[in-house]
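One structure below.
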Amino acid sequence: MGGIGIIRMSGKETFTILEKIFKLKNPEKIENISGYSIKYGHIVDNEKIVDEVLVSYFKAPKSYTTEDMCEINSHGGTIVMRKILELCLKNGAELAEPGEFTKRAFLGGRIDLSQAESVIDIINAKSESEAKEGIKQLEGFLSEKINETKRILLEMITNIEVSIDYPEYDTPEVTMEDMLQKISNLKSELENLKKSFDNGKIIKDGIKTVIIGKPNAGKSSLLNAILKEDRAIVTEVEGTTRDTIEEFVNINGIPLKLVDTAGIRDSEDTVEKIGIEKSKKLAQDADLIIAILDSSKELSKEDEEILKIAKNKKSIIVLNKSDLEQKVTRENQKLDIFYKNTINLSAKNKNGLESLYEKINNMFNLNEINLDNDVVITNERHKNLIEKAMQNLEKATNILKEGMPIDIVAISLKDVLSNLNSITGEEVGEEIINEIFSRFCLGK
Ligand code: GDP
């Protein structure tokens, strides 16, 4: 139910079907209606008016799918929309598969596979930066980067193949040093892309954060203080393990995924106190540990256990209850190794939250993730393909160094190309052949 509902049609028969069910207020022939225009009228079922609508026209190839398309903007009630949908189907349309419009855009060649994938990322984005990454990818930033790498690869393969197949032609010389240098450059380009995945992962999934501390240290108070921040956008997501809830919080651009917040909340009712054992377990696969100590009391054995857990991870030590007289300060010997990442905080008065966020910012170089200029990989599939491409480049390097025949190098390079082509969703083969002829005019 909503103010407006949209039913989209795409394909050759779009306007034929539309003409059967849509009566324009001012009748016009479809040939005379230009793309990107909106017309007013009524959806009718055998002369009977079903709804008053606006219809947007998109003419091939200038549409989302590259096909003829229309969007019927009706009133948003389910009855009316279902009726219009039925009318479309009765007159020859078929229900679209999930993602079919974007798939058609890909098949129609308007966007490549990585761009098509970004559409879903934009829709599913949980933070502004994630949406921004998706939009960049849709705009073709990643494709551009991959295509640039592909061009260099193609040139290398072409040179090798030409020197093998047409030794009588004057072709640029293929030297080993030159090839090794080019391969090494490509490797470092891909290495950068791979590294960006970790940043991309932070943007996409958030920093997996666990709050640990002995009972009454102030875990649930801190959690509440964080969640109640004005600028916090909280999305509850199901935890990876049973019985845990994860909350995605975006505070001022810092994406945190708080793990097992339920456990912390329950501890008030002593249903389930988070003990040392459970903390250890949760900490295992966390990106960040926030360890809370009650600074108004001397450090206890339990606190020392907590510090032990924090030792092996990226951790921030929170000296909570700083509004009370402090028995534990940053200078405490037992906090020596954490000195740089220890902060005073009062969950009760909400003092010190800013320095907590600042520490997280610095720890994860959030300021350095340059979303505006760098190409960031956010997709696991892309990362895996890039890793495969890097392995194949490594292979090519070894083959060269071992002095094996040059056509074997070409095979590894083709594998790299096909890895990259899988990112953008193209086929290899013909491409190489076309490239040879277009650049060297051998066919004349
Ligand atoms: P948890 O068991 O670690 O989740 O601890 P709670 O958040 O439930 O806090 C335990 C007690 O300490 C509660 O009575 C809180 O009101 C109190 N408390 C928590 N943070 C502070 C603080 O910063 N200052 C003071 N004075 N009391 C606090």
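Residue names in the structure tokens use chain letters A, B, ... in the order shown, residue numbers from 1 in each chain, and ligand numbers from 1 in the order shown.
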
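A distance search around ligand 1 (7 Å at most, only C-alpha atoms and all ligand atoms) returns the following protein and nucleic acid residues: Gly213, Lys214, Pro215, Asn216, Ala217, Gly218, Lys219, Ser220, Ser221, Leu222, Ile264, Arg265, Ser267, Glu268, Asn320, Lys321, Ser322, Asp323, Leu324, Leu345, Ser346, Ala347, Lys348 and Asn349 of chain A.
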
If you keep N, CA and C atoms, can you produce a file of those selected residues as a tab-separated table (two decimals), in the first residue's frame?
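Just written: selection.tsv:
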```tsv
chain	number	residue	atom	x	y	z
A	213	GLY	N	33.51	-6.98	29.13
A	213	GLY	CA	33.80	-6.40	30.43
A	213	GLY	C	33.10	-7.22	31.48
A	214	LYS	N	33.61	-7.15	32.70
A	214	LYS	CA	32.99	-7.97	33.75
A	214	LYS	C	31.60	-7.38	34.09
A	215	PRO	N	30.77	-8.16	34.74
A	215	PRO	CA	29.43	-7.65	35.08
A	215	PRO	C	29.52	-6.32	35.83
A	216	ASN	N	28.63	-5.43	35.49
A	216	ASN	CA	28.54	-4.11	36.11
A	216	ASN	C	29.63	-3.12	35.72
A	217	ALA	N	30.45	-3.49	34.77
A	217	ALA	CA	31.47	-2.54	34.31
A	217	ALA	C	30.81	-1.42	33.53
A	218	GLY	N	29.64	-1.71	32.92
A	218	GLY	CA	28.92	-0.67	32.20
A	218	GLY	C	28.70	-0.97	30.73
A	219	LYS	N	28.73	-2.26	30.37
A	219	LYS	CA	28.57	-2.64	28.97
A	219	LYS	C	27.23	-2.17	28.41
A	220	SER	N	26.17	-2.50	29.13
A	220	SER	CA	24.86	-2.16	28.56
A	220	SER	C	24.64	-0.66	28.57
A	221	SER	N	25.22	0.03	29.56
A	221	SER	CA	25.10	1.50	29.56
A	221	SER	C	25.80	2.10	28.36
A	222	LEU	N	26.99	1.57	28.04
A	222	LEU	CA	27.73	2.11	26.89
A	222	LEU	C	26.97	1.81	25.60
A	264	ILE	N	24.14	-8.71	25.95
A	264	ILE	CA	24.48	-7.61	26.86
A	264	ILE	C	23.21	-7.06	27.51
A	265	ARG	N	22.20	-6.91	26.71
A	265	ARG	CA	20.95	-6.37	27.25
A	265	ARG	C	20.34	-7.28	28.30
A	267	SER	N	21.77	-9.12	30.27
A	267	SER	CA	22.54	-9.27	31.50
A	267	SER	C	21.91	-8.50	32.66
A	268	GLU	N	21.12	-7.50	32.30
A	268	GLU	CA	20.40	-6.78	33.34
A	268	GLU	C	19.47	-7.70	34.12
A	320	ASN	N	35.59	3.22	32.24
A	320	ASN	CA	34.23	3.74	32.43
A	320	ASN	C	34.04	4.30	33.85
A	321	LYS	N	32.94	5.00	33.98
A	321	LYS	CA	32.58	5.64	35.25
A	321	LYS	C	33.60	6.71	35.64
A	322	SER	N	34.06	7.43	34.65
A	322	SER	CA	35.06	8.47	34.90
A	322	SER	C	34.46	9.63	35.69
A	323	ASP	N	33.14	9.60	35.84
A	323	ASP	CA	32.50	10.65	36.65
A	323	ASP	C	32.72	10.39	38.15
A	324	LEU	N	33.10	9.14	38.48
A	324	LEU	CA	33.38	8.82	39.89
A	324	LEU	C	34.88	8.99	40.14
A	345	LEU	N	35.87	7.48	30.03
A	345	LEU	CA	34.51	7.63	29.52
A	345	LEU	C	33.51	7.51	30.66
A	346	SER	N	32.42	8.23	30.53
A	346	SER	CA	31.33	8.01	31.46
A	346	SER	C	30.09	7.68	30.65
A	347	ALA	N	29.73	6.42	30.71
A	347	ALA	CA	28.55	5.99	29.95
A	347	ALA	C	27.31	6.68	30.51
A	348	LYS	N	27.39	6.96	31.82
A	348	LYS	CA	26.25	7.57	32.47
A	348	LYS	C	26.03	9.00	31.97
A	349	ASN	N	27.11	9.77	31.93
A	349	ASN	CA	26.99	11.17	31.50
A	349	ASN	C	27.22	11.37	30.01
```

Hey, which bits of segment 62-172 of chain A sit within 12 Å of segment 391-410 of chain A, and for each residue what's the closest pair of atoms and how far apart in Å (one decimal), counting only C-alpha atoms, rows by chain and increasing number, as a tab-separated table?
```
residue	atom	partner	partner_atom	distance
A:Leu153	CA	A:Ala410	CA	9.6
A:Leu154	CA	A:Ala410	CA	9.9
A:Glu155	CA	A:Ala410	CA	11.0
A:Met156	CA	A:Ala410	CA	8.1
A:Ile157	CA	A:Ala410	CA	5.7
A:Thr158	CA	A:Ala410	CA	8.8
A:Asn159	CA	A:Ala410	CA	9.6
A:Ile160	CA	A:Ala410	CA	6.7
A:Glu161	CA	A:Asp407	CA	7.3
A:Val162	CA	A:Asp407	CA	10.5
A:Ser163	CA	A:Ile406	CA	9.6
A:Ile164	CA	A:Asp407	CA	7.6
A:Asp165	CA	A:Asp407	CA	10.3
```

Atom CA of Leu420 of chain A to atom CA of Pro61 of chain A measures 27.2 Å

Shell around segment 1-11 of chain A at 6 Å using only C-alpha atoms, local window under 6 positions removed, as a VMD selection string = chain A and resid 67 to 77

Using only N, CA and C atoms, please write the residues we just selected to a file, as a PDB file, in the first residue's frame.
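As a result, result_14.pdb now contains:
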```
ATOM      1  N   GLU A  67      15.495  -1.769 -24.211  1.00  0.00           N
ATOM      2  CA  GLU A  67      14.318  -2.152 -25.013  1.00  0.00           C
ATOM      3  C   GLU A  67      13.255  -1.058 -24.903  1.00  0.00           C
ATOM      4  N   ASP A  68      12.180  -1.191 -25.679  1.00  0.00           N
ATOM      5  CA  ASP A  68      11.025  -0.323 -25.452  1.00  0.00           C
ATOM      6  C   ASP A  68      10.522  -0.590 -24.043  1.00  0.00           C
ATOM      7  N   MET A  69      10.197   0.489 -23.359  1.00  0.00           N
ATOM      8  CA  MET A  69       9.749   0.325 -21.968  1.00  0.00           C
ATOM      9  C   MET A  69       8.669   1.322 -21.623  1.00  0.00           C
ATOM     10  N   CYS A  70       7.832   0.955 -20.648  1.00  0.00           N
ATOM     11  CA  CYS A  70       6.933   1.948 -20.087  1.00  0.00           C
ATOM     12  C   CYS A  70       6.783   1.703 -18.603  1.00  0.00           C
ATOM     13  N   GLU A  71       6.430   2.750 -17.906  1.00  0.00           N
ATOM     14  CA  GLU A  71       6.149   2.614 -16.485  1.00  0.00           C
ATOM     15  C   GLU A  71       4.786   3.217 -16.220  1.00  0.00           C
ATOM     16  N   ILE A  72       3.894   2.384 -15.724  1.00  0.00           N
ATOM     17  CA  ILE A  72       2.545   2.843 -15.426  1.00  0.00           C
ATOM     18  C   ILE A  72       2.510   3.284 -13.961  1.00  0.00           C
ATOM     19  N   ASN A  73       2.295   4.568 -13.758  1.00  0.00           N
ATOM     20  CA  ASN A  73       2.197   5.091 -12.385  1.00  0.00           C
ATOM     21  C   ASN A  73       0.731   5.135 -11.982  1.00  0.00           C
ATOM     22  N   SER A  74       0.352   4.187 -11.168  1.00  0.00           N
ATOM     23  CA  SER A  74      -1.053   4.113 -10.762  1.00  0.00           C
ATOM     24  C   SER A  74      -1.173   4.500  -9.301  1.00  0.00           C
ATOM     25  N   HIS A  75      -2.405   4.462  -8.796  1.00  0.00           N
ATOM     26  CA  HIS A  75      -2.543   4.606  -7.356  1.00  0.00           C
ATOM     27  C   HIS A  75      -1.980   3.358  -6.693  1.00  0.00           C
ATOM     28  N   GLY A  76      -1.478   3.513  -5.477  1.00  0.00           N
ATOM     29  CA  GLY A  76      -0.669   2.435  -4.909  1.00  0.00           C
ATOM     30  C   GLY A  76      -1.391   1.315  -4.203  1.00  0.00           C
ATOM     31  N   GLY A  77      -2.707   1.301  -4.241  1.00  0.00           N
ATOM     32  CA  GLY A  77      -3.424   0.212  -3.557  1.00  0.00           C
ATOM     33  C   GLY A  77      -3.184  -1.120  -4.229  1.00  0.00           C
TER      34      GLY A  77
END
```

Mind checking which residues fall within 9 Å of Ser127 of chain A, counting only C-alpha atoms, ignoring those fewer than 2 positions away in the same chain, and posting them as a list in words?
-> Ala125, Ser129, Glu130, Ala131, Lys132, Ile203, Lys204, Ile233, Val249, Asn250, Gly253 and Pro255 of chain A

Name all residues at most 9 Å from Lys334 of chain A (count only C-alpha atoms; drop same-chain ones fewer than 5 positions away) and give them as a compact mmCIF listing (two decimals) with N, CA and C atoms, in the first residue's frame.
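Output below, filename part.txt:
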```txt
# COMPACT_ATOMS: atom_id res chain seq x y z
N LEU A 299 41.57 -2.86 39.72
CA LEU A 299 41.47 -3.95 38.74
C LEU A 299 41.36 -5.29 39.46
N GLU A 304 41.60 -8.55 34.52
CA GLU A 304 42.85 -8.97 33.89
C GLU A 304 42.59 -10.01 32.80
N LEU A 307 41.48 -8.10 29.84
CA LEU A 307 42.62 -7.46 29.17
C LEU A 307 43.41 -8.48 28.35
```

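Taking atom CA of Ala60 of chain A and atom CA of Lys20 of chain A as endpoints, the distance between them is 19.9 Å.
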
Within 8 Å of segment 356-362 of chain A using only C-alpha atoms, minus same-chain residues under 3 positions, as JSON, numbers by chain | {"A": [254, 316, 341, 343, 352, 353, 365, 366, 367]}

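In this structure, atom CA of Ser295 of chain A sits 19.5 Å away from atom CA of Val210 of chain A.
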